[in-house]
$ cat model-v3.txt   # compact mmCIF, C-alpha atoms
# COMPACT_ATOMS: atom_id res chain seq x y z
CA MET A 1 171.85 120.35 122.81
CA ILE A 2 174.44 121.61 120.35
CA THR A 3 171.97 121.15 117.53
CA SER A 4 169.27 123.21 119.25
CA ARG A 5 171.77 125.98 120.03
CA THR A 6 172.92 125.97 116.42
CA ASP A 7 169.33 126.12 115.25
CA ARG A 8 168.67 129.12 117.47
CA VAL A 9 171.79 130.91 116.23
CA VAL A 10 170.85 130.28 112.60
CA THR A 11 167.26 131.38 113.25
CA TYR A 12 168.31 134.62 114.92
CA ALA A 13 170.88 135.28 112.21
CA ILE A 14 168.23 134.93 109.51
CA LEU A 15 165.83 137.17 111.45
CA VAL A 16 168.51 139.82 111.96
CA PHE A 17 169.45 139.67 108.28
CA PHE A 18 165.90 140.26 107.07
CA THR A 19 165.33 142.89 109.77
CA VAL A 20 168.31 144.84 108.48
CA ILE A 21 167.02 144.51 104.91
CA ALA A 22 163.64 145.87 106.01
CA LEU A 23 164.95 148.70 108.21
CA VAL A 24 167.77 150.09 106.06
CA PRO A 25 165.45 151.69 103.46
CA VAL A 26 163.21 153.06 106.24
CA LEU A 27 166.14 154.58 108.10
CA GLY A 28 167.52 155.90 104.84
CA ILE A 29 164.38 157.81 103.90
CA LEU A 30 163.97 159.11 107.47
CA SER A 31 167.54 160.40 107.55
CA THR A 32 167.04 162.00 104.15
CA ALA A 33 163.80 163.65 105.28
CA LEU A 34 165.55 165.13 108.32
CA ALA A 35 168.67 166.28 106.45
CA SER A 36 169.19 169.66 104.87
CA GLN A 37 169.23 169.91 101.11
CA ALA A 38 172.64 171.58 101.27
CA SER A 39 174.21 168.56 102.95
CA LEU A 40 172.62 166.24 100.40
CA ASN A 41 173.91 168.36 97.51
CA THR A 42 177.46 168.27 98.87
CA GLY A 43 177.26 164.55 99.62
CA PHE A 44 177.90 165.14 103.31
CA SER A 45 177.61 161.72 104.92
CA LEU A 46 177.09 162.73 108.57
CA PRO A 47 173.86 164.39 109.75
CA ASP A 48 174.10 168.15 110.19
CA GLY A 49 171.12 168.33 112.52
CA LEU A 50 167.47 167.34 112.52
CA HIS A 51 165.58 169.59 110.13
CA TRP A 52 161.96 169.04 111.20
CA SER A 53 161.03 172.06 109.11
CA ASN A 54 161.26 169.82 106.02
CA PHE A 55 157.97 168.22 107.04
CA VAL A 56 156.32 171.61 107.49
CA ASP A 57 157.59 172.79 104.10
CA ALA A 58 156.46 169.59 102.38
CA TRP A 59 153.02 169.81 104.03
CA GLN A 60 152.51 173.41 102.93
CA ARG A 61 154.01 173.25 99.44
CA GLY A 62 152.52 169.89 98.55
CA HIS A 63 148.98 170.65 99.81
CA PHE A 64 149.05 167.34 101.66
CA GLY A 65 146.33 168.51 104.01
CA ALA A 66 143.74 168.44 101.19
CA TYR A 67 145.12 165.18 99.82
CA LEU A 68 144.96 163.55 103.23
CA ARG A 69 141.32 164.59 103.64
CA SER A 70 140.48 162.98 100.32
CA SER A 71 142.37 159.80 101.20
CA VAL A 72 140.78 159.58 104.65
CA LEU A 73 137.29 160.01 103.21
CA VAL A 74 137.77 157.41 100.48
CA THR A 75 139.58 154.94 102.74
CA VAL A 76 137.10 155.12 105.62
CA VAL A 77 134.09 154.62 103.35
CA VAL A 78 135.74 151.74 101.46
CA VAL A 79 136.93 149.98 104.62
CA VAL A 80 133.61 150.28 106.46
CA ALA A 81 131.45 149.33 103.47
CA SER A 82 133.63 146.44 102.32
CA ALA A 83 134.06 145.06 105.86
CA ALA A 84 130.31 145.05 106.50
CA LEU A 85 129.37 143.60 103.11
CA SER A 86 132.19 141.05 103.15
CA THR A 87 131.18 139.81 106.58
CA LEU A 88 127.56 139.38 105.50
CA ALA A 89 128.48 137.62 102.26
CA ALA A 90 131.07 135.39 103.91
CA TYR A 91 128.62 134.43 106.66
CA ALA A 92 126.15 133.28 104.02
CA PHE A 93 128.78 131.34 102.06
CA GLY A 94 130.37 129.85 105.18
CA THR A 95 127.36 128.77 107.21
CA MET A 96 124.42 128.46 104.81
CA ARG A 97 123.67 126.16 101.91
CA PHE A 98 121.52 127.47 99.08
CA PRO A 99 121.24 126.73 95.34
CA GLY A 100 124.20 128.08 93.40
CA SER A 101 126.19 129.06 96.51
CA THR A 102 129.42 127.45 95.30
CA MET A 103 129.20 128.95 91.82
CA LEU A 104 128.33 132.37 93.23
CA PHE A 105 131.32 132.21 95.58
CA TYR A 106 133.65 131.54 92.66
CA VAL A 107 132.13 134.53 90.88
CA PHE A 108 133.24 136.60 93.88
CA LEU A 109 136.73 135.17 93.51
CA ILE A 110 136.98 136.55 89.97
CA GLY A 111 137.62 139.90 91.62
CA LEU A 112 140.86 138.45 93.02
CA THR A 113 142.08 137.02 89.73
CA LEU A 114 141.52 139.93 87.33
CA PRO A 115 144.28 142.59 87.42
CA GLU A 116 143.19 146.15 87.91
CA GLU A 117 145.09 147.28 84.83
CA ALA A 118 142.84 145.12 82.64
CA LEU A 119 139.68 146.76 83.97
CA VAL A 120 140.55 150.39 84.48
CA ILE A 121 139.87 151.57 80.90
CA PRO A 122 136.39 150.00 80.47
CA LEU A 123 135.65 151.01 84.07
CA TYR A 124 136.52 154.60 83.20
CA TYR A 125 134.07 154.68 80.29
CA ASP A 126 131.34 153.07 82.40
CA LEU A 127 131.77 155.61 85.18
CA ARG A 128 132.01 158.48 82.70
CA GLY A 129 128.73 157.36 81.15
CA ALA A 130 127.18 157.43 84.61
CA GLY A 131 128.61 160.89 85.28
CA LEU A 132 130.77 159.69 88.17
CA THR A 133 134.28 160.47 86.92
CA ASP A 134 136.14 163.14 88.86
CA THR A 135 134.07 162.34 91.95
CA TYR A 136 134.84 160.43 95.10
CA TRP A 137 132.40 157.73 93.98
CA ALA A 138 134.73 156.90 91.10
CA LEU A 139 137.31 155.93 93.71
CA ILE A 140 135.00 154.44 96.35
CA LEU A 141 132.82 152.11 94.27
CA PRO A 142 135.56 150.20 92.36
CA GLN A 143 137.77 149.81 95.41
CA THR A 144 134.84 148.63 97.52
CA ALA A 145 134.05 145.98 94.91
CA GLN A 146 137.69 144.84 94.83
CA SER A 147 137.90 144.71 98.61
CA ILE A 148 134.67 142.73 98.93
CA ALA A 149 136.17 139.97 96.78
CA PHE A 150 139.12 139.59 99.14
CA GLY A 151 137.08 140.15 102.30
CA THR A 152 134.50 137.52 101.37
CA PHE A 153 137.21 134.96 100.68
CA TRP A 154 139.04 135.79 103.90
CA MET A 155 136.00 135.83 106.21
CA ARG A 156 134.44 132.73 104.64
CA THR A 157 137.52 130.82 105.75
CA TYR A 158 136.96 132.06 109.30
CA PHE A 159 133.26 131.15 109.30
CA LEU A 160 134.01 127.68 107.94
CA GLY A 161 136.44 127.14 110.80
CA ALA A 162 134.18 128.62 113.49
CA SER A 163 133.02 126.33 116.29
CA ARG A 164 129.91 124.44 115.16
CA SER A 165 128.96 123.76 118.77
CA MET A 166 128.98 127.48 119.57
CA VAL A 167 126.69 128.24 116.61
CA GLU A 168 124.36 125.38 117.47
CA ALA A 169 124.21 126.49 121.12
CA ALA A 170 123.25 130.00 120.01
CA ARG A 171 120.47 128.65 117.82
CA ILE A 172 119.20 126.38 120.58
CA ASP A 173 118.97 129.48 122.77
CA GLY A 174 116.70 131.00 120.12
CA CYS A 175 119.18 133.27 118.37
CA SER A 176 118.37 134.16 114.78
CA SER A 177 121.00 134.05 112.04
CA TRP A 178 121.46 137.80 112.39
CA THR A 179 121.95 137.60 116.16
CA THR A 180 124.30 134.61 115.82
CA LEU A 181 126.44 136.56 113.39
CA TRP A 182 126.76 139.88 115.23
CA ARG A 183 126.65 138.71 118.86
CA VAL A 184 128.44 135.38 118.68
CA LEU A 185 130.68 135.02 115.62
CA VAL A 186 131.80 138.61 115.04
CA PRO A 187 133.10 139.21 118.62
CA VAL A 188 135.04 135.93 118.51
CA GLY A 189 136.35 136.70 115.03
CA ARG A 190 137.77 140.14 115.77
CA PRO A 191 141.36 139.12 114.90
CA ALA A 192 140.28 137.91 111.44
CA ILE A 193 138.17 141.04 110.92
CA THR A 194 141.03 143.27 112.07
CA THR A 195 143.39 141.62 109.62
CA MET A 196 140.91 142.17 106.80
CA VAL A 197 140.44 145.81 107.82
CA VAL A 198 144.19 146.51 107.98
CA ILE A 199 144.88 144.91 104.60
CA THR A 200 141.94 146.75 103.00
CA PHE A 201 143.12 150.00 104.57
CA MET A 202 146.63 149.60 103.17
CA TRP A 203 145.38 148.68 99.70
CA THR A 204 142.95 151.60 99.57
CA TRP A 205 145.35 154.15 101.02
CA ASN A 206 148.10 153.23 98.55
CA GLU A 207 145.85 153.02 95.48
CA PHE A 208 147.34 155.10 92.68
CA LEU A 209 146.08 153.92 89.28
CA LEU A 210 142.38 154.55 89.89
CA ALA A 211 143.06 158.00 91.29
CA LEU A 212 145.27 158.83 88.30
CA VAL A 213 142.64 157.76 85.75
CA MET A 214 139.41 158.80 87.47
CA VAL A 215 140.29 162.10 89.13
CA THR A 216 141.26 165.36 87.45
CA SER A 217 140.46 167.96 90.15
CA GLU A 218 143.28 168.74 92.54
CA SER A 219 140.84 168.90 95.47
CA ARG A 220 139.99 165.20 94.99
CA ARG A 221 143.50 163.86 94.61
CA THR A 222 144.56 161.24 97.12
CA VAL A 223 147.96 161.26 98.79
CA PRO A 224 149.75 158.79 96.44
CA LEU A 225 148.66 160.83 93.43
CA GLY A 226 149.48 164.09 95.20
CA LEU A 227 152.95 162.79 96.01
CA VAL A 228 153.63 162.14 92.32
CA PHE A 229 152.64 165.70 91.39
CA PHE A 230 154.73 166.98 94.30
CA GLN A 231 157.68 164.99 92.98
CA GLY A 232 157.29 166.56 89.55
CA GLN A 233 157.36 170.04 91.05
CA HIS A 234 160.29 169.45 93.44
CA SER A 235 162.35 166.81 91.70
CA SER A 236 165.62 168.43 92.75
CA ASP A 237 164.74 168.83 96.44
CA ILE A 238 165.40 165.34 97.77
CA SER A 239 164.82 166.19 101.42
CA LEU A 240 161.34 167.59 100.71
CA LEU A 241 160.47 164.53 98.60
CA ALA A 242 161.54 162.22 101.41
CA ALA A 243 159.54 164.26 103.92
CA GLY A 244 156.49 164.04 101.67
CA ALA A 245 156.90 160.28 101.34
CA VAL A 246 157.08 159.93 105.12
CA LEU A 247 153.88 161.97 105.51
CA VAL A 248 152.11 159.72 103.01
CA ALA A 249 153.27 156.49 104.66
CA LEU A 250 152.77 157.60 108.27
CA PRO A 251 149.01 156.84 108.56
CA VAL A 252 149.52 153.25 107.36
CA VAL A 253 152.36 152.76 109.85
CA LEU A 254 150.27 154.15 112.71
CA VAL A 255 147.29 151.94 111.86
CA TYR A 256 149.50 148.87 111.70
CA ILE A 257 151.23 149.68 115.00
CA ALA A 258 147.87 150.22 116.71
CA LEU A 259 146.41 146.96 115.41
CA GLN A 260 149.51 144.82 114.99
CA ARG A 261 148.67 142.34 117.77
CA LYS A 262 145.21 141.59 116.38
CA PHE A 263 146.60 141.66 112.84
CA ILE A 264 149.23 139.01 113.58
CA GLU A 265 146.73 136.95 115.54
CA GLY A 266 144.32 137.11 112.63
CA MET A 267 147.01 136.12 110.14
CA LEU A 268 147.90 133.08 112.21
CA SER A 269 144.34 132.00 113.00
CA GLY A 270 142.97 133.00 109.60
CA ALA A 271 145.35 130.93 107.51
CA VAL A 272 143.59 128.84 104.90
CA LYS A 273 142.28 125.72 106.63
CA GLU A 274 140.49 124.07 103.73
$ encode --input "model-v3.txt" --output "structure tokens"
Amino acid sequence: MITSRTDRVVTYAILVFFTVIALVPVLGILSTALASQASLNTGFSLPDGLHWSNFVDAWQRGHFGAYLRSSVLVTVVVVVASAALSTLAAYAFGTMRFPGSTMLFYVFLIGLTLPEEALVIPLYYDLRGAGLTDTYWALILPQTAQSIAFGTFWMRTYFLGASRSMVEAARIDGCSSWTTLWRVLVPVGRPAITTMVVITFMWTWNEFLLALVMVTSESRRTVPLGLVFFQGQHSSDISLLAAGAVLVALPVVLVYIALQRKFIEGMLSGAVKE
């Protein structure tokens, strides 16, 4: 009994320790975003009020409305396209056997092993030759390809672990492969799909390098790139920078909060079982 109580105390102590580590930076940037620049300049340690106007100023001066529209457009297209294509590819790799399936799957995995920094320069020249630089397609197509590599790997694991009896029962009832996928396996696999969608959303929303290299027009900048330009213009206004950073991070936080239950369930059930 003493051992179990000690284990619980140690467990909670470790959880509290890492919770503090995770929350202190978040609380720090929130307090900075709500503080006045005068109090930050004087080093005043106690809050002098909640200055919500910092968010309004950052939104207006940083043109975050246009940047958010660009990020939403790119992210939605990438997430929807990669989720659909990854599910189809993973279903084929996880439930079907055809010549070259194993080799083709490992070709997909190359997308997970090659760093983006090694590909961005040749990718730029390829897209420039196709006339796609400084367009949304220059952001959508590469990120969709990268996300499909992860999504195929992730969903294949789910399809390999799916109930064989459920699939066989659907086929005995006369369901085609298409019907089995969308009416049987996809509804059951919503936690795994949600996890894939959330991870893809976070990756796409926070993508900076591709936007920096591929986009030159201000109207097509995404929020991470826009935040860097905003920082260069207001490097001395710490409160506005913090407010801008909060605006950029807020959509990811909201998506995670809305889908956290399915996300955690998918992480637990979608762990590698092979």
$ atom_distance --input "model-v3.txt" --atom1 "atom CA of Leu160 of chain A" --atom2 "atom CA of Gly94 of chain A"
5.1 Å
$ residues_around --input "model-v3.txt" --residues "Val213 of chain A" --least-positions-apart "6" --cutoff "10 Å" --atoms "only C-alpha atoms" --output "PyMOL selection string"
chain A and resi 120-121+123-124+133-134+138-139
$ residues_around --input "model-v3.txt" --residues "Val56 of chain A" --least-positions-apart "3" --cutoff "12 Å" --atoms "all atoms listed in the file" --output "JSON, numbers by chain"
{"A": [33, 34, 51, 52, 53, 59, 60, 61, 62, 63, 64, 65, 239, 240, 243, 244, 246, 247]}
$ write_last_selection --input "model-v3.txt" --atoms "C-alpha atoms" --output "CSV table (one decimal), in the coordinates of the input"
chain,number,residue,atom,x,y,z
A,33,ALA,CA,163.8,163.6,105.3
A,34,LEU,CA,165.6,165.1,108.3
A,51,HIS,CA,165.6,169.6,110.1
A,52,TRP,CA,162.0,169.0,111.2
A,53,SER,CA,161.0,172.1,109.1
A,59,TRP,CA,153.0,169.8,104.0
A,60,GLN,CA,152.5,173.4,102.9
A,61,ARG,CA,154.0,173.2,99.4
A,62,GLY,CA,152.5,169.9,98.6
A,63,HIS,CA,149.0,170.6,99.8
A,64,PHE,CA,149.0,167.3,101.7
A,65,GLY,CA,146.3,168.5,104.0
A,239,SER,CA,164.8,166.2,101.4
A,240,LEU,CA,161.3,167.6,100.7
A,243,ALA,CA,159.5,164.3,103.9
A,244,GLY,CA,156.5,164.0,101.7
A,246,VAL,CA,157.1,159.9,105.1
A,247,LEU,CA,153.9,162.0,105.5
$ closest_residue --input "model-v3.txt" --among "A:Ile110, A:Met166, A:Leu23, A:Val16" --to "Leu185 of chain A" --atoms "only C-alpha atoms"
A:Met166
$ closest_residue --input "model-v3.txt" --among "A:Tyr12, A:Phe105, A:Phe55, A:Tyr158" --to "Gly266 of chain A" --atoms "only C-alpha atoms"
A:Tyr158
$ build_atoms --input "model-v3.txt" --residues "segment 243-263 of chain A" --atoms "N, CA and C atoms" --output "short mmCIF file (atom, residue, chain, number, x, y, z; two decimals), in the coordinates of the input"
data_model
loop_
_atom_site.label_atom_id
_atom_site.label_comp_id
_atom_site.auth_asym_id
_atom_site.auth_seq_id
_atom_site.Cartn_x
_atom_site.Cartn_y
_atom_site.Cartn_z
N ALA A 243 160.49 163.84 102.89
CA ALA A 243 159.54 164.26 103.92
C ALA A 243 158.11 164.02 103.47
N GLY A 244 157.82 164.31 102.20
CA GLY A 244 156.49 164.04 101.67
C GLY A 244 156.16 162.56 101.67
N ALA A 245 157.13 161.72 101.33
CA ALA A 245 156.90 160.28 101.34
C ALA A 245 156.63 159.77 102.75
N VAL A 246 157.33 160.33 103.73
CA VAL A 246 157.08 159.93 105.12
C VAL A 246 155.68 160.33 105.55
N LEU A 247 155.23 161.53 105.17
CA LEU A 247 153.88 161.97 105.51
C LEU A 247 152.83 161.06 104.90
N VAL A 248 153.07 160.60 103.68
CA VAL A 248 152.11 159.72 103.01
C VAL A 248 152.05 158.35 103.68
N ALA A 249 153.21 157.83 104.08
CA ALA A 249 153.27 156.49 104.66
C ALA A 249 152.91 156.45 106.13
N LEU A 250 152.96 157.58 106.82
CA LEU A 250 152.77 157.60 108.27
C LEU A 250 151.42 157.05 108.73
N PRO A 251 150.29 157.40 108.10
CA PRO A 251 149.01 156.84 108.56
C PRO A 251 148.96 155.32 108.51
N VAL A 252 149.52 154.71 107.46
CA VAL A 252 149.52 153.25 107.36
C VAL A 252 150.36 152.65 108.49
N VAL A 253 151.50 153.25 108.77
CA VAL A 253 152.36 152.76 109.85
C VAL A 253 151.64 152.85 111.19
N LEU A 254 150.97 153.97 111.44
CA LEU A 254 150.27 154.15 112.71
C LEU A 254 149.13 153.15 112.87
N VAL A 255 148.38 152.92 111.79
CA VAL A 255 147.29 151.94 111.86
C VAL A 255 147.84 150.55 112.14
N TYR A 256 148.93 150.20 111.48
CA TYR A 256 149.50 148.87 111.70
C TYR A 256 150.03 148.73 113.12
N ILE A 257 150.70 149.76 113.64
CA ILE A 257 151.23 149.68 115.00
C ILE A 257 150.09 149.54 116.00
N ALA A 258 148.99 150.28 115.78
CA ALA A 258 147.87 150.22 116.71
C ALA A 258 147.18 148.87 116.69
N LEU A 259 147.16 148.20 115.54
CA LEU A 259 146.41 146.96 115.41
C LEU A 259 147.29 145.74 115.16
N GLN A 260 148.60 145.88 115.38
CA GLN A 260 149.51 144.82 114.99
C GLN A 260 149.25 143.51 115.73
N ARG A 261 148.88 143.57 117.01
CA ARG A 261 148.67 142.34 117.77
C ARG A 261 147.49 141.56 117.19
N LYS A 262 146.38 142.25 116.96
CA LYS A 262 145.21 141.59 116.38
C LYS A 262 145.48 141.17 114.94
N PHE A 263 146.28 141.98 114.23
CA PHE A 263 146.60 141.66 112.84
C PHE A 263 147.39 140.36 112.76
#
